[in-house]
$ cat my_file_6.txt   # compact mmCIF, C-alpha atoms
# COMPACT_ATOMS: atom_id res chain seq x y z
CA MET W 1 -25.53 0.22 0.98
CA ARG W 2 -25.02 0.28 4.72
CA LEU W 3 -22.97 3.06 6.27
CA LEU W 4 -21.17 3.38 9.57
CA GLN W 5 -21.76 6.27 11.93
CA PHE W 6 -20.59 7.27 15.38
CA ASN W 7 -23.21 7.18 18.14
CA LYS W 8 -23.41 9.40 21.22
CA HIS W 9 -21.10 7.04 23.14
CA GLY W 10 -18.30 7.42 20.58
CA GLU W 11 -18.83 3.95 19.17
CA PHE W 12 -19.80 3.26 15.56
CA SER W 13 -22.78 1.31 14.33
CA LEU W 14 -24.36 0.38 11.01
CA THR W 15 -27.25 2.19 9.42
CA ASN W 16 -30.08 0.34 7.73
CA ASP W 17 -29.54 -0.60 4.09
CA LEU W 18 -29.83 2.72 2.25
CA ILE W 19 -31.23 2.75 -1.28
CA HIS W 20 -32.41 6.33 -1.71
CA ASN W 21 -31.25 9.60 -0.14
CA VAL W 22 -27.80 8.31 0.75
CA PRO W 23 -26.06 11.02 2.82
CA PRO W 24 -22.52 12.27 2.08
CA TYR W 25 -19.96 9.70 3.24
CA ALA W 26 -16.26 8.88 3.34
CA ILE W 27 -14.92 5.55 2.12
CA LEU W 28 -11.82 3.54 3.02
CA SER W 29 -9.30 2.00 0.63
CA HIS W 30 -6.87 -0.45 2.21
CA THR W 31 -5.25 -3.85 1.90
CA TRP W 32 -6.76 -6.75 3.79
CA GLY W 33 -4.85 -8.68 6.39
CA ALA W 34 -5.75 -12.21 7.43
CA ASP W 35 -9.51 -12.80 7.59
CA THR W 36 -9.19 -13.41 11.32
CA ASP W 37 -7.69 -9.92 11.75
CA GLU W 38 -10.44 -8.03 9.92
CA VAL W 39 -13.61 -6.79 11.59
CA ASN W 40 -16.50 -8.31 9.65
CA PHE W 41 -20.24 -7.66 9.55
CA ARG W 42 -21.03 -10.16 12.30
CA ASP W 43 -18.30 -8.74 14.58
CA LEU W 44 -19.87 -5.33 14.24
CA MET W 45 -23.39 -6.59 14.91
CA ASP W 46 -22.21 -8.54 17.96
CA ASN W 47 -19.84 -5.79 19.13
CA THR W 48 -16.97 -8.30 19.29
CA GLY W 49 -14.41 -6.82 16.88
CA LYS W 50 -12.52 -4.31 19.04
CA SER W 51 -9.68 -6.69 19.80
CA LYS W 52 -8.98 -7.38 16.13
CA ALA W 53 -6.08 -5.74 14.32
CA GLY W 54 -8.38 -4.32 11.65
CA TYR W 55 -10.43 -2.31 14.15
CA GLY W 56 -7.85 0.49 14.18
CA LYS W 57 -8.21 1.38 10.52
CA ILE W 58 -12.02 1.46 10.79
CA ARG W 59 -11.74 3.90 13.69
CA PHE W 60 -9.17 5.91 11.70
CA CYS W 61 -11.62 6.21 8.79
CA GLY W 62 -14.45 7.32 11.06
CA GLU W 63 -12.37 9.86 12.94
CA GLN W 64 -10.91 11.30 9.73
CA ALA W 65 -14.41 11.53 8.27
CA ARG W 66 -15.57 13.39 11.35
CA ARG W 67 -12.65 15.82 11.04
CA ASP W 68 -13.77 16.42 7.46
CA GLY W 69 -17.32 17.14 8.56
CA LEU W 70 -18.77 13.81 7.43
CA GLN W 71 -21.04 11.87 9.77
CA TYR W 72 -21.04 8.64 7.76
CA PHE W 73 -18.35 6.34 6.37
CA TRP W 74 -18.04 2.98 4.60
CA VAL W 75 -15.53 0.14 5.03
CA ASP W 76 -15.76 -3.02 2.91
CA THR W 77 -14.70 -5.46 5.63
CA CYS W 78 -17.76 -4.85 7.80
CA CYS W 79 -20.43 -2.99 5.80
CA ILE W 80 -21.22 -6.01 3.61
CA ASP W 81 -22.82 -9.18 4.97
CA LYS W 82 -20.70 -11.62 2.99
CA SER W 83 -22.68 -14.58 4.28
CA SER W 84 -25.39 -13.48 1.83
CA SER W 85 -24.36 -14.30 -1.73
CA ALA W 86 -27.06 -11.97 -3.08
CA GLU W 87 -25.79 -9.06 -1.01
CA LEU W 88 -22.17 -9.76 -1.92
CA THR W 89 -23.04 -9.86 -5.64
CA GLU W 90 -24.94 -6.59 -5.42
CA ALA W 91 -22.11 -4.94 -3.46
CA ILE W 92 -19.35 -5.96 -5.86
CA ASN W 93 -21.39 -4.89 -8.88
CA SER W 94 -22.09 -1.54 -7.17
CA MET W 95 -18.68 -0.90 -5.61
CA PHE W 96 -17.19 1.26 -8.36
CA ARG W 97 -20.22 3.55 -8.13
CA TRP W 98 -19.99 3.66 -4.32
CA TYR W 99 -16.36 4.79 -4.51
CA GLN W 100 -17.23 7.22 -7.29
CA LYS W 101 -19.95 8.89 -5.22
CA ALA W 102 -17.92 9.12 -2.00
CA SER W 103 -17.17 12.64 -0.77
CA LYS W 104 -13.75 11.48 0.41
CA CYS W 105 -11.69 8.33 -0.14
CA TYR W 106 -8.97 7.64 2.41
CA VAL W 107 -6.14 5.35 1.36
CA TYR W 108 -4.70 3.75 4.49
CA LEU W 109 -1.18 2.49 3.78
CA SER W 110 -0.63 -0.01 6.59
CA ASP W 111 2.95 -0.77 5.47
CA LEU W 112 4.19 2.82 5.19
CA SER W 113 5.35 4.71 8.27
CA ILE W 114 5.49 8.49 8.25
CA HIS W 115 9.06 8.11 9.56
CA ASP W 116 10.10 6.31 6.34
CA TYR W 117 8.32 8.64 3.95
CA ASP W 118 10.26 11.33 2.12
CA LYS W 119 8.03 13.58 0.01
CA SER W 120 11.02 14.70 -2.05
CA ASP W 121 12.04 11.14 -2.97
CA HIS W 122 10.26 10.17 -6.20
CA SER W 123 12.58 7.27 -7.03
CA SER W 124 11.48 3.67 -7.34
CA GLN W 125 13.26 3.00 -4.05
CA SER W 126 10.97 5.29 -2.05
CA ALA W 127 8.67 3.85 0.60
CA LEU W 128 5.62 4.86 -1.43
CA TRP W 129 6.67 2.70 -4.39
CA LYS W 130 7.09 -0.32 -2.14
CA SER W 131 3.60 -0.26 -0.62
CA LYS W 132 1.58 -3.41 -1.35
CA TRP W 133 -1.49 -1.22 -1.85
CA TYR W 134 -0.32 -0.67 -5.46
CA THR W 135 -0.16 -4.41 -6.11
CA ARG W 136 -3.75 -5.34 -5.24
CA GLY W 137 -6.56 -5.82 -7.75
CA TRP W 138 -9.37 -4.13 -5.83
CA THR W 139 -7.41 -0.95 -5.13
CA LEU W 140 -7.30 -0.12 -8.86
CA GLN W 141 -10.93 1.02 -8.95
CA GLU W 142 -10.52 2.58 -5.51
CA LEU W 143 -7.83 4.84 -6.96
CA ILE W 144 -9.61 5.72 -10.19
CA ALA W 145 -13.28 6.04 -9.21
CA PRO W 146 -13.35 8.66 -6.41
CA PRO W 147 -12.85 12.32 -7.27
CA SER W 148 -11.10 12.91 -3.93
CA VAL W 149 -8.43 10.40 -2.85
CA GLU W 150 -6.14 11.14 0.10
CA PHE W 151 -3.20 9.02 1.26
CA PHE W 152 -2.35 8.33 4.90
CA SER W 153 0.47 6.54 6.69
CA LEU W 154 -0.09 3.72 9.17
CA GLU W 155 0.01 6.38 11.91
CA GLY W 156 -2.87 8.21 10.21
CA GLU W 157 -0.69 11.08 9.00
CA ARG W 158 -1.75 12.65 5.70
CA LEU W 159 0.84 12.20 2.93
CA GLY W 160 -0.94 13.99 0.08
CA ASP W 161 -3.76 13.43 -2.38
CA LYS W 162 -4.28 12.01 -5.84
CA ARG W 163 -3.61 15.33 -7.53
CA SER W 164 -0.55 16.41 -5.54
CA MET W 165 0.98 12.92 -5.88
CA GLU W 166 -0.16 12.48 -9.47
CA LYS W 167 3.28 12.12 -11.04
CA GLN W 168 4.40 9.45 -8.58
CA ILE W 169 1.13 7.54 -8.85
CA HIS W 170 1.35 7.58 -12.66
CA GLU W 171 4.94 6.31 -12.56
CA ILE W 172 4.11 3.55 -10.09
CA THR W 173 0.87 2.35 -11.69
CA GLU W 174 1.35 3.39 -15.35
CA ILE W 175 -2.26 4.58 -15.31
CA ALA W 176 -2.84 7.47 -17.72
CA ILE W 177 -2.83 10.89 -16.07
CA GLN W 178 -6.19 11.76 -17.63
CA ALA W 179 -7.74 8.62 -16.14
CA LEU W 180 -6.44 9.65 -12.70
CA ARG W 181 -8.01 13.07 -13.26
CA GLY W 182 -11.41 11.56 -13.91
CA ASP W 183 -11.77 11.45 -17.69
CA PRO W 184 -14.43 8.91 -18.81
CA LEU W 185 -12.95 5.41 -18.82
CA SER W 186 -14.60 4.78 -22.19
CA ASP W 187 -11.97 7.18 -23.59
CA PHE W 188 -9.35 4.47 -22.93
CA SER W 189 -9.11 1.29 -24.96
CA VAL W 190 -9.92 -2.13 -23.53
CA PRO W 191 -6.26 -3.28 -23.79
CA GLU W 192 -5.06 -0.14 -22.00
CA ARG W 193 -7.52 -0.58 -19.14
CA LEU W 194 -6.58 -4.26 -18.84
CA SER W 195 -2.90 -3.28 -18.70
CA TRP W 196 -3.55 -1.24 -15.55
CA ALA W 197 -4.43 -4.47 -13.73
CA ALA W 198 -1.85 -6.73 -15.38
CA ASN W 199 0.54 -6.91 -12.41
CA ARG W 200 -2.04 -6.76 -9.65
CA GLU W 201 -3.00 -9.70 -7.46
CA THR W 202 -6.14 -10.87 -5.68
CA THR W 203 -6.57 -13.55 -3.03
CA ARG W 204 -9.27 -15.34 -5.02
CA GLU W 205 -8.61 -16.09 -8.69
CA GLU W 206 -12.12 -15.02 -9.67
CA ASP W 207 -11.58 -11.59 -8.15
CA LYS W 208 -9.02 -10.77 -10.85
CA ALA W 209 -12.07 -10.48 -13.13
CA TYR W 210 -14.62 -9.24 -10.61
CA CYS W 211 -12.43 -6.30 -9.53
CA LEU W 212 -12.58 -4.98 -13.12
CA LEU W 213 -16.37 -4.85 -13.45
CA GLY W 214 -16.53 -1.14 -12.68
CA ILE W 215 -13.53 -0.32 -14.85
CA PHE W 216 -15.50 -1.61 -17.86
CA GLY W 217 -18.99 -0.66 -16.71
CA ILE W 218 -19.99 -4.33 -16.62
CA HIS W 219 -22.49 -6.09 -14.35
CA MET W 220 -22.50 -9.86 -14.03
CA PRO W 221 -23.28 -12.53 -11.41
CA LEU W 222 -20.50 -13.83 -9.19
CA ILE W 223 -19.67 -17.54 -9.20
CA TYR W 224 -16.90 -18.19 -6.71
CA GLY W 225 -15.23 -21.47 -7.61
CA GLU W 226 -15.35 -20.86 -11.37
CA GLY W 227 -11.66 -19.92 -11.47
CA LYS W 228 -10.39 -18.64 -14.83
CA LYS W 229 -13.87 -18.88 -16.33
CA ALA W 230 -14.61 -15.57 -14.61
CA PHE W 231 -12.23 -13.84 -17.01
CA ILE W 232 -13.85 -15.57 -19.98
CA ARG W 233 -17.25 -14.27 -18.87
CA LEU W 234 -15.78 -10.80 -18.32
CA HIS W 235 -14.36 -10.71 -21.85
CA GLU W 236 -17.72 -11.87 -23.25
CA GLU W 237 -19.51 -9.06 -21.40
CA ILE W 238 -16.94 -6.50 -22.56
CA SER W 239 -17.40 -7.70 -26.13
CA LYS W 240 -21.18 -7.39 -25.85
CA SER W 241 -20.84 -3.90 -24.40
CA SER W 242 -18.41 -2.81 -27.11
CA LYS W 243 -20.74 -4.08 -29.87
CA SER W 244 -23.65 -2.29 -28.22
CA GLN W 245 -21.69 0.97 -28.05
CA LEU W 246 -20.65 0.58 -31.69
CA LEU W 247 -24.25 -0.06 -32.72
CA THR W 248 -25.43 3.01 -30.78
CA PHE W 249 -22.73 5.13 -32.42
CA SER W 250 -23.66 3.80 -35.89
CA MET W 251 -27.35 4.49 -35.31
CA ALA W 252 -26.52 8.04 -34.17
CA LEU W 253 -24.64 8.61 -37.44
CA VAL W 254 -27.59 7.30 -39.44
CA VAL W 255 -30.02 9.59 -37.60
CA LYS W 256 -27.66 12.54 -38.08
CA ARG W 257 -27.51 11.90 -41.83
CA GLN W 258 -31.29 11.60 -42.03
CA PHE W 259 -31.89 14.95 -40.36
$ encode --input "my_file_6.txt" --output "structure tokens"
Amino acid sequence: MRLLQFNKHGEFSLTNDLIHNVPPYAILSHTWGADTDEVNFRDLMDNTGKSKAGYGKIRFCGEQARRDGLQYFWVDTCCIDKSSSAELTEAINSMFRWYQKASKCYVYLSDLSIHDYDKSDHSSQSALWKSKWYTRGWTLQELIAPPSVEFFSLEGERLGDKRSMEKQIHEITEIAIQALRGDPLSDFSVPERLSWAANRETTREEDKAYCLLGIFGIHMPLIYGEGKKAFIRLHEEISKSSKSQLLTFSMALVVKRQF
């Protein structure tokens, strides 16, 4: 994975692709705007992305990371060279693990102003409930995987974290409390895990399947353009994995009986 870091001039740049000895890093969770608004890999390499709307949230992530004592941070819009299908496939198959290993995950709610947020209002009419961040497919794993998830308004004001906002998050997402607290996802049935994503949307149809790879511990190649077939392949991989786990469990029982 490539990470971003601030240089001596206060600008951020990309590291080389890191495979081993990855330093502690923060990671951003957000909703994408139009592709033309987001700072991509090429913009960063050419230093041409500062005028884009998405530049602000990248700077927010870096500055918040620095306040938390972290030199490095990761943002999906610009840390992946999406022109390389091989790199994109590797990144999507690794993304759950990258969020899981992050020291901090910052949720940037671009449609929630601190002026509209009332911490005491837990009703379904509160500004938090209305954020589109809860409706997106990719943000499911970004909520579940990291041990530390903090929520921020569009102004960059901290609203709380996954633990302090646990009750609200559970009510909004219907994700089991124990899953939010980091219990192994294998403790939850396949139908239950699928239900967490039932009402979430992705821009590309295939991503409705691809965004669940980490939730089920599945790795598979990406074939953009395959449409609904992506979900068929996902179910096949889940079935294979379930049979493998059942076989392992059965073999363990046999060994236990033998000894």
$ residues_around --input "my_file_6.txt" --residues "stretch 53-68 of chain W" --least-positions-apart "5" --cutoff "6 Å" --atoms "all atoms listed in the file" --output "ChimeraX atom specification"
/W:26,37-39
$ atom_distance --input "my_file_6.txt" --atom1 "atom CA of W:Glu166" --atom2 "atom CA of W:Gln178"
10.2 Å
$ residues_near_point --input "my_file_6.txt" --point "(-14.3, 10.7, 0.2)" --cutoff "12 Å" --atoms "only C-alpha atoms" --output "VMD selection string"
chain W and resid 24 to 29 61 to 62 64 to 66 68 to 75 98 to 107 142 to 143 145 to 151 161 to 162
$ residues_around --input "my_file_6.txt" --residues "W:Glu237" --least-positions-apart "6" --cutoff "12 Å" --atoms "all atoms listed in the file" --output "list in words"
Ala209, Tyr210, Leu212, Leu213, Phe216, Gly217, Ile218, His219, Met220, Pro221, Ala230, Phe231, Lys243 and Ser244 of chain W
$ write_last_selection --input "my_file_6.txt" --atoms "C-alpha atoms" --output "PDB file, keeping the file's coordinate frame"
ATOM      1  CA  ALA W 209     -12.070 -10.480 -13.130  1.00  0.00           C
ATOM      2  CA  TYR W 210     -14.620  -9.240 -10.610  1.00  0.00           C
ATOM      3  CA  LEU W 212     -12.580  -4.980 -13.120  1.00  0.00           C
ATOM      4  CA  LEU W 213     -16.370  -4.850 -13.450  1.00  0.00           C
ATOM      5  CA  PHE W 216     -15.500  -1.610 -17.860  1.00  0.00           C
ATOM      6  CA  GLY W 217     -18.990  -0.660 -16.710  1.00  0.00           C
ATOM      7  CA  ILE W 218     -19.990  -4.330 -16.620  1.00  0.00           C
ATOM      8  CA  HIS W 219     -22.490  -6.090 -14.350  1.00  0.00           C
ATOM      9  CA  MET W 220     -22.500  -9.860 -14.030  1.00  0.00           C
ATOM     10  CA  PRO W 221     -23.280 -12.530 -11.410  1.00  0.00           C
ATOM     11  CA  ALA W 230     -14.610 -15.570 -14.610  1.00  0.00           C
ATOM     12  CA  PHE W 231     -12.230 -13.840 -17.010  1.00  0.00           C
ATOM     13  CA  LYS W 243     -20.740  -4.080 -29.870  1.00  0.00           C
ATOM     14  CA  SER W 244     -23.650  -2.290 -28.220  1.00  0.00           C
TER      15      SER W 244
END
$ closest_residue --input "my_file_6.txt" --among "W:Thr202, W:Glu171, W:Ala176, W:Asn40" --to "W:Phe188" --atoms "all atoms listed in the file"
W:Ala176
$ residues_around --input "my_file_6.txt" --residues "W:Thr135" --least-positions-apart "2" --cutoff "6 Å" --atoms "only C-alpha atoms" --output "CSV table (one decimal) with C-alpha atoms, keeping the file's coordinate frame"
chain,number,residue,atom,x,y,z
W,132,LYS,CA,1.6,-3.4,-1.4
W,133,TRP,CA,-1.5,-1.2,-1.8
W,200,ARG,CA,-2.0,-6.8,-9.6
$ residues_around --input "my_file_6.txt" --residues "stretch 84-86 of chain W" --least-positions-apart "5" --cutoff "10 Å" --atoms "only C-alpha atoms" --output "PyMOL selection string"
chain W and resi 91+221-224
$ atom_distance --input "my_file_6.txt" --atom1 "atom CA of W:Asp187" --atom2 "atom CA of W:His122"
28.4 Å
$ atom_distance --input "my_file_6.txt" --atom1 "atom CA of W:Met95" --atom2 "atom CA of W:Thr77"
12.8 Å
